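> This is query_3.cif, which holds mmCIF, C-alpha atoms:
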data_data
loop_
_atom_site.label_atom_id
_atom_site.label_comp_id
_atom_site.auth_asym_id
_atom_site.auth_seq_id
_atom_site.Cartn_x
_atom_site.Cartn_y
_atom_site.Cartn_z
CA MET A 1 -21.72 93.34 44.24
CA GLY A 2 -22.19 91.00 47.26
CA VAL A 3 -19.41 88.74 46.02
CA SER A 4 -17.12 91.73 45.54
CA ARG A 5 -17.79 93.00 49.05
CA ARG A 6 -17.21 89.54 50.49
CA ASN A 7 -13.90 89.23 48.61
CA CYS A 8 -12.84 92.66 49.90
CA LEU A 9 -13.73 91.63 53.44
CA ILE A 10 -11.72 88.40 53.11
CA PHE A 11 -8.76 90.33 51.72
CA PHE A 12 -8.96 92.82 54.60
CA VAL A 13 -9.06 90.01 57.17
CA LEU A 14 -6.09 88.25 55.57
CA LEU A 15 -4.15 91.51 55.35
CA SER A 16 -4.88 92.28 59.00
CA PHE A 17 -3.78 88.77 60.00
CA ALA A 18 -0.55 89.10 58.02
CA MET A 19 0.19 92.47 59.59
CA SER A 20 -0.49 91.13 63.08
CA MET A 21 1.80 88.15 62.43
CA GLU A 22 4.55 90.48 61.26
CA THR A 23 4.10 92.53 64.44
CA ILE A 24 4.23 89.39 66.57
CA SER A 25 7.29 88.18 64.67
CA GLY A 26 8.97 91.54 65.10
CA ALA A 27 8.17 91.53 68.81
CA VAL A 28 10.10 88.30 69.37
CA THR A 29 13.08 89.06 67.17
CA ASP A 30 16.05 90.73 68.84
CA ASN A 31 18.31 93.35 67.31
CA LEU A 32 21.95 93.24 68.37
CA SER A 33 24.57 95.98 68.43
CA CYS A 34 28.15 96.49 69.60
CA ASN A 35 28.73 99.09 72.28
CA PHE A 36 32.46 99.77 71.95
CA LEU A 37 34.00 102.21 69.49
CA SER A 38 36.66 99.88 68.10
CA SER A 39 34.03 97.51 66.67
CA PRO A 40 33.21 97.80 62.95
CA CYS A 41 29.60 97.22 64.02
CA PHE A 42 29.47 100.09 66.53
CA GLY A 43 26.20 102.00 66.37
CA LYS A 44 24.50 99.52 64.05
CA LYS A 45 21.42 97.47 64.91
CA ILE A 46 21.49 94.05 63.27
CA LYS A 47 18.36 91.89 63.21
CA CYS A 48 18.61 88.29 64.39
CA PRO A 49 17.96 85.40 61.95
CA THR A 50 14.62 83.61 62.00
CA GLN A 51 16.43 80.38 62.97
CA CYS A 52 17.55 81.97 66.25
CA PRO A 53 15.56 85.17 66.82
CA LEU A 54 16.59 85.68 70.47
CA LYS A 55 19.88 86.42 72.18
CA SER A 56 18.55 84.85 75.41
CA PRO A 57 16.00 82.12 74.60
CA SER A 58 14.13 80.40 77.42
CA ASP A 59 15.54 77.02 76.38
CA PRO A 60 19.17 76.70 77.56
CA ASN A 61 19.82 74.10 74.86
CA ALA A 62 18.63 76.32 72.01
CA LYS A 63 20.93 78.23 69.71
CA VAL A 64 21.19 81.94 70.48
CA CYS A 65 21.53 84.96 68.26
CA SER A 66 25.10 86.23 68.26
CA LEU A 67 26.95 89.16 66.71
CA ASP A 68 30.72 89.03 66.24
CA CYS A 69 31.76 92.56 67.15
CA ALA A 70 35.31 91.95 65.87
CA SER A 71 34.22 90.94 62.38
CA PRO A 72 34.20 93.46 59.54
CA VAL A 73 31.00 91.78 58.36
CA CYS A 74 28.23 92.94 60.68
CA LYS A 75 25.98 89.91 60.48
CA THR A 76 24.17 88.02 63.22
CA GLN A 77 24.48 84.24 63.39
CA CYS A 78 23.24 81.28 65.40
CA LYS A 79 25.48 79.60 67.95
CA TYR A 80 25.44 77.70 71.21
CA ARG A 81 26.52 79.51 74.39
CA LYS A 82 28.79 76.71 75.50
CA PRO A 83 32.46 76.21 74.68
CA ASN A 84 33.07 74.61 71.31
CA CYS A 85 36.10 72.44 72.04
CA ASN A 86 36.84 72.15 68.32
CA GLY A 87 36.55 75.89 67.74
CA ARG A 88 39.32 78.48 67.58
CA GLY A 89 40.38 79.89 70.93
CA SER A 90 39.32 76.83 72.94
CA ALA A 91 41.05 74.83 75.68
CA CYS A 92 39.54 71.53 76.86
CA LEU A 93 40.44 68.03 77.95
CA ASP A 94 44.07 67.18 78.92
CA PRO A 95 44.68 70.53 77.83
CA ARG A 96 43.93 70.44 74.13
CA PHE A 97 44.07 73.88 72.54
CA VAL A 98 42.83 75.18 69.21
CA GLY A 99 44.79 78.24 68.16
CA ALA A 100 43.68 81.30 66.23
CA ASP A 101 44.98 79.53 63.13
CA GLY A 102 42.68 76.54 63.74
CA ILE A 103 45.60 74.20 64.49
CA VAL A 104 45.21 71.78 67.41
CA PHE A 105 48.04 71.44 69.93
CA TYR A 106 48.58 70.18 73.48
CA PHE A 107 50.29 71.94 76.37
CA HIS A 108 50.64 69.80 79.48
CA GLY A 109 52.16 72.21 82.00
CA ARG A 110 52.46 70.89 85.54
CA SER A 111 49.96 69.99 88.23
CA ASN A 112 49.34 72.72 90.84
CA GLN A 113 51.17 75.34 88.80
CA HIS A 114 50.00 78.42 86.89
CA PHE A 115 50.61 79.40 83.29
CA ALA A 116 49.79 82.44 81.16
CA LEU A 117 47.33 81.50 78.43
CA VAL A 118 47.12 85.07 77.12
CA SER A 119 49.27 88.10 77.90
CA GLY A 120 48.91 91.46 76.20
CA GLN A 121 49.31 95.02 77.40
CA ASN A 122 45.59 95.28 78.26
CA LEU A 123 44.78 91.70 79.27
CA GLN A 124 46.27 88.77 81.18
CA ILE A 125 44.59 85.36 81.44
CA ASN A 126 46.26 82.70 83.56
CA ALA A 127 45.26 79.10 84.17
CA ARG A 128 45.73 76.92 87.23
CA PHE A 129 46.47 73.33 86.27
CA ILE A 130 45.47 70.34 88.37
CA GLY A 131 46.39 66.74 87.74
CA LEU A 132 48.13 63.60 88.83
CA ARG A 133 51.06 61.45 87.83
CA PRO A 134 50.40 57.70 88.01
CA LYS A 135 53.30 55.43 88.83
CA GLY A 136 55.49 54.83 85.84
CA ARG A 137 54.52 58.08 84.04
CA THR A 138 57.15 60.67 83.11
CA ARG A 139 54.73 63.63 83.15
CA ASP A 140 51.57 64.81 84.87
CA TYR A 141 48.14 64.35 83.41
CA THR A 142 46.71 67.86 83.70
CA TRP A 143 43.47 69.83 83.35
CA ILE A 144 42.56 73.51 83.72
CA GLN A 145 40.88 74.05 87.09
CA ALA A 146 40.69 77.85 87.19
CA LEU A 147 41.20 81.02 85.17
CA GLY A 148 42.53 84.31 86.53
CA VAL A 149 41.75 87.38 84.41
CA LEU A 150 43.56 90.72 84.84
CA PHE A 151 42.39 93.89 83.10
CA GLU A 152 43.00 97.53 83.99
CA SER A 153 43.43 97.38 87.78
CA HIS A 154 40.83 94.64 88.23
CA ASN A 155 40.99 90.88 88.59
CA PHE A 156 38.43 88.12 88.12
CA ILE A 157 38.59 84.41 88.93
CA VAL A 158 36.39 81.58 87.70
CA GLU A 159 37.13 78.13 89.02
CA ALA A 160 35.77 74.61 89.28
CA THR A 161 35.21 73.48 92.85
CA LYS A 162 36.33 70.03 93.91
CA PRO A 163 33.62 67.36 94.28
CA THR A 164 34.20 63.78 95.37
CA LYS A 165 31.42 62.44 93.18
CA TRP A 166 30.08 64.23 90.14
CA ASP A 167 26.47 65.41 90.11
CA ASN A 168 25.47 67.64 87.19
CA GLU A 169 22.58 69.07 89.22
CA ILE A 170 25.03 70.54 91.74
CA ASP A 171 26.83 73.70 90.74
CA HIS A 172 30.63 73.53 90.75
CA LEU A 173 31.37 77.06 89.51
CA LYS A 174 32.90 79.68 91.79
CA PHE A 175 33.40 83.33 90.84
CA SER A 176 35.27 86.19 92.50
CA TYR A 177 35.92 89.79 91.50
CA ASN A 178 38.67 91.91 93.03
CA GLY A 179 39.01 89.40 95.86
CA GLU A 180 35.31 89.20 96.75
CA GLU A 181 33.29 86.07 96.05
CA LEU A 182 30.29 86.57 93.79
CA HIS A 183 26.95 84.86 94.27
CA VAL A 184 25.16 84.39 90.96
CA PRO A 185 21.80 82.61 91.50
CA GLN A 186 21.70 79.10 90.09
CA VAL A 187 19.07 80.00 87.52
CA TYR A 188 19.50 80.01 83.76
CA LEU A 189 20.15 83.57 82.48
CA SER A 190 20.75 85.05 85.95
CA LYS A 191 23.42 87.70 85.61
CA TRP A 192 25.89 89.69 87.71
CA GLU A 193 27.46 92.86 86.33
CA PHE A 194 28.89 96.22 87.24
CA GLN A 195 26.49 98.99 86.34
CA GLU A 196 29.23 100.59 84.28
CA LYS A 197 29.28 97.25 82.40
CA LYS A 198 32.99 96.64 82.37
CA ILE A 199 32.43 93.00 83.28
CA SER A 200 29.48 90.64 83.57
CA VAL A 201 28.80 86.98 84.37
CA GLU A 202 25.71 85.25 82.99
CA ARG A 203 24.69 81.66 83.59
CA THR A 204 24.01 79.72 80.40
CA SER A 205 22.39 76.86 82.30
CA ASN A 206 21.16 76.43 85.85
CA THR A 207 24.49 74.95 86.90
CA ASN A 208 28.07 74.57 85.68
CA SER A 209 27.96 76.80 82.59
CA ALA A 210 28.44 80.55 82.20
CA VAL A 211 29.76 83.27 79.95
CA VAL A 212 32.12 85.92 81.34
CA ASN A 213 32.26 89.16 79.37
CA VAL A 214 34.99 91.74 79.89
CA HIS A 215 33.23 94.23 77.67
CA GLY A 216 35.10 95.26 74.57
CA ILE A 217 38.04 92.98 75.38
CA VAL A 218 37.13 89.29 75.69
CA GLU A 219 34.19 86.93 76.04
CA ILE A 220 34.87 83.64 77.84
CA TYR A 221 32.55 80.64 77.57
CA VAL A 222 33.01 78.28 80.53
CA ASN A 223 31.75 74.80 81.32
CA VAL A 224 32.62 72.52 84.28
CA VAL A 225 32.98 68.81 83.54
CA PRO A 226 34.46 65.81 85.39
CA VAL A 227 36.99 63.26 84.26
CA THR A 228 34.73 60.25 83.87
CA LYS A 229 35.59 56.65 84.67
CA GLU A 230 35.37 55.92 80.96
CA ASP A 231 37.87 58.72 80.23
CA SER A 232 40.15 57.29 82.90
CA ARG A 233 39.88 53.79 81.45
CA ILE A 234 40.59 54.88 77.86
CA HIS A 235 43.54 57.13 78.69
CA ASN A 236 44.79 55.22 81.75
CA TYR A 237 44.50 58.30 83.96
CA GLN A 238 44.05 56.09 87.04
CA ILE A 239 41.66 58.60 88.63
CA PRO A 240 41.07 57.80 92.35
CA ASP A 241 37.59 57.11 93.66
CA ASN A 242 37.53 60.21 95.87
CA ASP A 243 38.29 62.82 93.16
CA CYS A 244 36.73 63.25 89.71
CA PHE A 245 39.08 66.15 88.84
CA ALA A 246 36.35 68.60 87.91
CA HIS A 247 37.84 71.06 85.43
CA LEU A 248 36.99 73.79 82.97
CA GLU A 249 36.24 73.66 79.29
CA VAL A 250 36.77 77.17 77.93
CA GLN A 251 36.58 79.12 74.71
CA PHE A 252 37.73 82.70 74.22
CA LYS A 253 36.45 85.35 71.83
CA PHE A 254 38.77 88.36 71.72
CA TYR A 255 37.66 91.84 70.67
CA ASP A 256 40.63 94.08 71.48
CA LEU A 257 43.73 91.91 71.49
CA PRO A 258 46.93 93.73 70.51
CA SER A 259 49.12 92.29 67.76
CA LYS A 260 51.92 91.99 70.31
CA VAL A 261 50.55 89.18 72.44
CA GLU A 262 52.03 86.21 74.25
CA GLY A 263 50.86 83.14 76.17
CA VAL A 264 50.27 79.48 75.49
CA LEU A 265 47.21 80.36 73.41
CA GLY A 266 47.79 84.08 72.93
CA ARG A 267 50.91 83.65 70.76
CA THR A 268 48.77 81.99 68.07
CA TYR A 269 47.08 85.40 67.62
CA GLN A 270 50.33 87.06 66.55
CA PRO A 271 50.00 88.21 62.91
CA ASP A 272 53.18 86.38 61.80
CA PHE A 273 52.91 83.37 64.12
CA GLU A 274 53.95 79.99 62.72
CA ASN A 275 52.54 77.24 64.89
CA PRO A 276 55.23 74.63 65.65
CA ALA A 277 52.45 72.06 65.95
CA ALA A 278 51.90 72.34 62.19
CA LYS A 279 55.45 71.12 61.60
CA LEU A 280 55.48 68.20 64.00
CA GLY A 281 53.45 65.91 61.77
CA VAL A 282 52.00 63.88 64.64
CA ALA A 283 48.42 63.17 65.68
CA MET A 284 48.76 64.85 69.10
CA PRO A 285 51.37 67.62 68.81
CA VAL A 286 52.68 68.84 72.17
CA VAL A 287 54.26 72.29 72.35
CA GLY A 288 56.54 73.61 75.09
CA GLY A 289 56.89 76.95 76.78
CA GLU A 290 56.53 76.03 80.45
CA ASP A 291 59.48 78.18 81.50
CA ARG A 292 58.33 81.17 79.41
CA TYR A 293 54.73 81.16 80.57
CA ARG A 294 54.86 79.98 84.20
CA THR A 295 53.52 82.55 86.69
CA THR A 296 53.88 82.52 90.47
CA SER A 297 50.12 82.68 91.08
CA LEU A 298 46.78 82.74 89.35
CA LEU A 299 46.71 86.55 89.46
CA SER A 300 50.35 87.31 88.63
CA ALA A 301 51.72 88.65 85.35
CA ASP A 302 55.33 87.80 86.14
CA CYS A 303 56.20 85.14 83.58
CA SER A 304 59.33 85.87 81.52
CA ALA A 305 57.22 86.52 78.39
CA CYS A 306 54.33 88.37 80.06
CA LEU A 307 53.33 91.77 78.63
CA PHE A 308 50.43 92.89 80.81
CA VAL A 309 50.58 96.42 82.23
CA PRO A 310 47.99 97.22 84.93
CA GLY A 311 45.93 100.35 84.24
CA GLU A 312 45.03 103.10 86.66
CA ASN A 313 42.77 102.03 89.47
CA SER A 314 39.28 102.93 88.26
CA ARG A 315 37.47 101.63 91.32
CA ASN A 316 35.51 104.27 93.17
CA ASN A 317 32.56 104.58 95.44
CA ASN A 318 30.20 105.14 92.53
CA ASN A 319 30.61 101.61 91.18
CA VAL A 320 27.31 99.77 91.57
CA ILE A 321 26.90 96.02 91.32
CA VAL A 322 23.75 94.83 89.60
CA LEU A 323 22.23 91.36 89.93
CA VAL A 324 19.81 90.60 87.09
CA LEU A 325 17.38 87.71 87.29
CA PRO A 326 15.92 86.28 84.07
CA THR A 327 12.59 87.59 82.81
CA VAL A 328 12.03 84.74 80.36
CA GLY A 329 10.76 81.32 81.39
CA MET A 330 13.06 79.69 83.93
CA VAL A 331 14.37 76.23 83.24
#
Would you kindly transcribe this structure into structure tokens?


Amino acid sequence: MGVSRRNCLIFFVLLSFAMSMETISGAVTDNLSCNFLSSPCFGKKIKCPTQCPLKSPSDPNAKVCSLDCASPVCKTQCKYRKPNCNGRGSACLDPRFVGADGIVFYFHGRSNQHFALVSGQNLQINARFIGLRPKGRTRDYTWIQALGVLFESHNFIVEATKPTKWDNEIDHLKFSYNGEELHVPQVYLSKWEFQEKKISVERTSNTNSAVVNVHGIVEIYVNVVPVTKEDSRIHNYQIPDNDCFAHLEVQFKFYDLPSKVEGVLGRTYQPDFENPAAKLGVAMPVVGGEDRYRTTSLLSADCSACLFVPGENSRNNNNVIVLVLPTVGMV
């Protein structure tokens, strides 16, 4: 009888421990959902995988839990919150793009000019190119220095500021919304957003990395990097000593992009698009379109192929800006 009671007690202790562990595990596992009606996942709560249980982990280098609200398969997955320069919808380097079809192509543009990357009826994303043309070159070497985003009657700019010498501990990101500069604390996971949640900016590291979310339309992962001396040596950029040409690495995730869409990158999202880069048969295919996609400024939608139509001005005195500081461990 004593042995039986002891076994029962051991079983009870083990059961209690297991239940407490499940509770602890459940307490640190996020559930994600999509908050816009057009998403196939709207109204559903999807549990995060054990490999990445949190959408905002305290470690900025850890994978995060993510839910693709545009996918018909409502399943969370692990990913990094930095641009994947080999992933679809990315633009990095001397601009190297990866289209919606997964095909890599280059678009050089011109230094100190602006080009429409994406233009649809509800969204316009322009890029400002910076660069230089060493003696003997027939074209500019170029990089994306800033993005201008137009939606409804609003505009948003994210840009890389110009340093003489690169220091990764110094922040080189600058944000502005409807003409007013935003100040997002240089703390991992600090966040700026409108209370009505039409747009938000969240830092994905203390400095130089962020994600911009125009809710229900597009998510933009942004990283600021320099052109290094090694890059300059390999590609013969001939970068001067007083400018490291800090620029943006970006990756876009679209949630409400119309089938009728234009832009250097946007055209690859057309249902019947045939990428000319696939036919060139060269290692570094360069596509044109400068005349079709050139805009007069970072916040203009006046290129010959542009489709953006500004919505009614929804700004009013009830809009409230919220600044959210992280509640997890700061890095």

> Using all atoms listed in the file, pick whichever of A:Asn236, A:Val158, A:Gln77, A:Ala91 has the shortest atom-to-atom distance to Val201 (chain A).

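Ranked by minimum distance to Val201 (chain A), first place goes to A:Val158.
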
> What do you get, as JSON, numbers by chain, if you spell out every residue that the PyMOL selection byres ((chain A and resi 223) around 9) selects here?

{"A": [82, 83, 160, 173, 208, 209, 210, 211, 221, 222, 224, 225, 247, 248, 249, 250]}

> For Glu274 (chain A), which residue out of A:Ser66, A:Cys85, A:Ile103, A:Asn35 is the nearest one, using all atoms listed in the file?

A:Ile103

> Tell me, counting only C-alpha atoms, for each residue of region 153-250 of chain A within 10 Å of region 283-307 of chain A, which pair of atoms is nearest and how far apart they are in Å to one decimal, in rows ordered by chain and increasing number, as JSON lines.


{"residue": "A:Asn155", "atom": "CA", "partner": "A:Leu299", "partner_atom": "CA", "distance": 7.2}
{"residue": "A:Phe156", "atom": "CA", "partner": "A:Leu299", "partner_atom": "CA", "distance": 8.5}
{"residue": "A:Ile157", "atom": "CA", "partner": "A:Leu298", "partner_atom": "CA", "distance": 8.4}

> CA of Asp30 (chain A) and CA of Gly87 (chain A), how far apart in Å?

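So the answer is 25.3 Å.
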
> From the set A:Glu152, A:Glu159, A:Glu219, A:Asp272, which residue has the shortest atom-to-atom contact distance to Cys69 (chain A), counting all atoms listed in the file?

A:Glu219

> Neighbouring residues of Glu202 (chain A) were defined as those with any atom within 8 Å, considering all atoms listed in the file; residues of the same chain fewer than 5 positions away were excluded. Please report them as a ChimeraX atom specification.

/A:189-192,210-212

> Would you mind exporting C-alpha atoms of the selected residues as a PDB file, keeping the file's coordinate frame?


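The resulting file, selection-v2.pdb, is reproduced below:
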ATOM      1  CA  LEU A 189      20.150  83.570  82.480  1.00  0.00           C
ATOM      2  CA  SER A 190      20.750  85.050  85.950  1.00  0.00           C
ATOM      3  CA  LYS A 191      23.420  87.700  85.610  1.00  0.00           C
ATOM      4  CA  TRP A 192      25.890  89.690  87.710  1.00  0.00           C
ATOM      5  CA  ALA A 210      28.440  80.550  82.200  1.00  0.00           C
ATOM      6  CA  VAL A 211      29.760  83.270  79.950  1.00  0.00           C
ATOM      7  CA  VAL A 212      32.120  85.920  81.340  1.00  0.00           C
TER       8      VAL A 212
END

> May I ask for the distance between CA of Pro40 (chain A) and CA of Leu257 (chain A), given in Å to one decimal place?

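Separating CA of Pro40 (chain A) from CA of Leu257 (chain A) is a distance of 14.8 Å.
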
> What does the PyMOL selection byres ((chain A and resi 121) around 10) select in this file, as a PyMOL selection string?

chain A and resi 119-120+122-124+151-152+257-258+260-262+306-311

> Mind pulling up the distance from CA of Phe175 (chain A) to CA of Phe194 (chain A)?

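Computing the Euclidean distance for CA of Phe194 (chain A) and CA of Phe175 (chain A) yields 14.1 Å.
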
> Using the chain letters and numbers from the file, which residues does the PyMOL selection byres ((chain A and resi 62) around 9) grab, as number ranges by chain?

A: 52, 57-61, 63-64, 79-81
